[in-house]
Amino acid sequence: MRLSVSAGVMVAAACALFGTATARGSQPDLDGSKLVKVSLVADHAIVTPGQSFDIGVRFEIEPEWHIYWDGQNESGMPVSFQWALPAGWSAGEVRWPCPVRYVGGGDILDYVFEREVTALVRVTVPKDANPGDVKLDLKTDYLVCKEACLPGSASIARSIRVAESPVASNAEETASILAARKRLPSDFASAKGLSATWQDRRLSIVATGATRIEFYPHEQGAKLPEAIRQGVTKGGTLTLEFEASQANKDALGMLRIWTDKGESTYWYRSPVGGVLAPTDGMNR
């Protein structure tokens with residue numbers, strides 16, 4: 001799987017940020033790995049050849065600290081995943097729930113997760129897998145920040161058995177996976193009460209009955225200038241304007257929409273100045 005950032009770059013960035021924070025008098029724990037607990041859960045403990053199932057990578061984060069989503073962050077770096085799987089096994093894209101906007105000192109805007117978050121990864125068993133126990137190994141690196149930013153990592157494993165008949169995992173793990181699926185954003189293109197129109201490079205997103213809309217641009221999408229101002233609005237219409245240099249890219253990211261009935265989250269994707277497109281299963 002693609003690494004979001006190398007460990008060396010992450011450490012260098014963390015050291016620079018830590019030095020700044022220390023100069024202000026902050027004295028955090030020097031080991032970022034102690035600030036985030038990482039564990040694996042699965043919706044099946046026993047799987048069959050050719051089956052796909054979900055692994056949940058759960059991050060439990062110390063209060064007031066946060067880790068980063070794969071957004072257009074202005075300071076932090078997203079979590080990276082390195083899988084070591086048995087021959088023929090494969091792991092799909094990481095599926096995250098919607099992050100939150102985090103505005104730090106100097107109006108620095110990032111997209112982060114706080115307290116607890118579970119990312120889902122679809123794992124596929126090869127059709128010719130032999131019966132027996134296998135081990136799925138994961139190494140994850142991240143940056144965890146508060147007043148300072150510290151590098152952290154975890155190496156974890158999960159045993160899965162291949163057999164003729166699939167068996168669900170224990171009730172707690174199954175419930176955790178189901179809860180994580182419910183938090184995944186829906187596809188904007190198939191949602192009711194939502195619309196999007198382009199005028200040149202200006203995108204207007206309209207949500208019937210919305211009291212607030214926020215847009216979180218993905219790192220792979222068109223760069224949104226002045227995201228701190230453009231990315232949020234009160235009311236039912238959010239307007240995003242992209243620069244001419246972004247005309248050949250996609251507007252790609254997540255939306256959080258509030259109404260009197262609560263809040264909902266969505267994946268959005270369309271060519272800049274073009275028509276709405278499916279999200280290509282980025283979160284399925």
# chains A, B, ... in the order shown; residues from 1 in each chain; ligands from 1
$ residues_around --residues "Thr211 of chain A" --least-positions-apart "5" --cutoff "6 Å" --atoms "only C-alpha atoms" --output "PDB file with N, CA and C atoms, in the first residue's frame"
ATOM      1  N   LYS A 234     -22.168  28.784   7.099  1.00  0.00           N
ATOM      2  CA  LYS A 234     -23.429  28.634   7.814  1.00  0.00           C
ATOM      3  C   LYS A 234     -24.557  28.719   6.792  1.00  0.00           C
ATOM      4  N   GLY A 235     -25.504  27.799   6.890  1.00  0.00           N
ATOM      5  CA  GLY A 235     -26.583  27.772   5.910  1.00  0.00           C
ATOM      6  C   GLY A 235     -26.442  26.610   4.951  1.00  0.00           C
ATOM      7  N   GLY A 236     -27.243  26.633   3.879  1.00  0.00           N
ATOM      8  CA  GLY A 236     -27.356  25.477   3.000  1.00  0.00           C
ATOM      9  C   GLY A 236     -26.582  25.530   1.711  1.00  0.00           C
ATOM     10  N   TRP A 258     -24.741  19.616   8.521  1.00  0.00           N
ATOM     11  CA  TRP A 258     -25.607  19.655   9.696  1.00  0.00           C
ATOM     12  C   TRP A 258     -27.001  20.127   9.304  1.00  0.00           C
ATOM     13  N   THR A 259     -28.025  19.487   9.868  1.00  0.00           N
ATOM     14  CA  THR A 259     -29.403  19.959   9.769  1.00  0.00           C
ATOM     15  C   THR A 259     -30.010  19.908  11.159  1.00  0.00           C
TER      16      THR A 259
END
$ residues_around --residues "segment 101-117 of chain A" --least-positions-apart "3" --cutoff "7 Å" --atoms "only C-alpha atoms" --output "number ranges by chain"
A: 58-63, 65-69, 71, 73-76, 228
$ residues_around --residues "segment 195-207 of chain A" --least-positions-apart "2" --cutoff "8 Å" --atoms "only C-alpha atoms" --output "JSON, numbers by chain"
{"A": [193, 209, 210, 236, 237, 238, 239, 240, 241, 242, 243, 244, 247, 257, 272, 273, 274, 275, 276]}
$ closest_residue --among "A:Leu85, A:Ala148, A:Val162, A:Val100" --to "Pro217 of chain A" --atoms "only C-alpha atoms"
A:Val100
$ residues_around --residues "Lys249 of chain A" --least-positions-apart "6" --cutoff "9 Å" --atoms "only C-alpha atoms" --output "NGL selection string"
:A and (220-223 or 270-272)
$ write_last_selection --atoms "C-alpha atoms" --output "mmCIF file, in the first residue's frame"
data_model
loop_
_atom_site.group_PDB
_atom_site.id
_atom_site.type_symbol
_atom_site.label_atom_id
_atom_site.label_comp_id
_atom_site.auth_asym_id
_atom_site.auth_seq_id
_atom_site.Cartn_x
_atom_site.Cartn_y
_atom_site.Cartn_z
ATOM 1 C CA GLN A 220 -5.140 13.794 -4.042
ATOM 2 C CA GLY A 221 -7.696 16.388 -5.135
ATOM 3 C CA ALA A 222 -7.491 19.894 -6.538
ATOM 4 C CA LYS A 223 -5.884 22.301 -4.104
ATOM 5 C CA SER A 270 -16.136 15.863 -9.722
ATOM 6 C CA PRO A 271 -13.723 17.281 -12.292
ATOM 7 C CA VAL A 272 -13.075 20.968 -11.661
#
$ select_by_dssp --residues "segment 101-263 of chain A" --states "helix (DSSP H, G or I)" --output "list of chain:residue names"
A:Ala171, A:Glu172, A:Glu173, A:Thr174, A:Ala175, A:Ser176, A:Ile177, A:Leu178, A:Ala179, A:Ala180, A:Arg181, A:Lys182, A:Arg183, A:Phe188, A:Ala189, A:Ser190, A:Ala227, A:Ile228, A:Arg229, A:Gln230, A:Ala244, A:Ser245, A:Gln246
$ closest_residue --among "A:Cys145, A:Ala227, A:Ala154, A:Val47" --to "Glu214 of chain A" --atoms "only C-alpha atoms"
A:Ala227
$ closest_residue --among "A:Val36, A:Ala163, A:Leu138, A:Val94" --to "Gln51 of chain A" --atoms "only C-alpha atoms"
A:Ala163
$ select_by_dssp --residues "segment 147-189 of chain A" --states "strand (DSSP E)" --output "PyMOL selection string"
chain A and resi 149-162+167-168+186-187
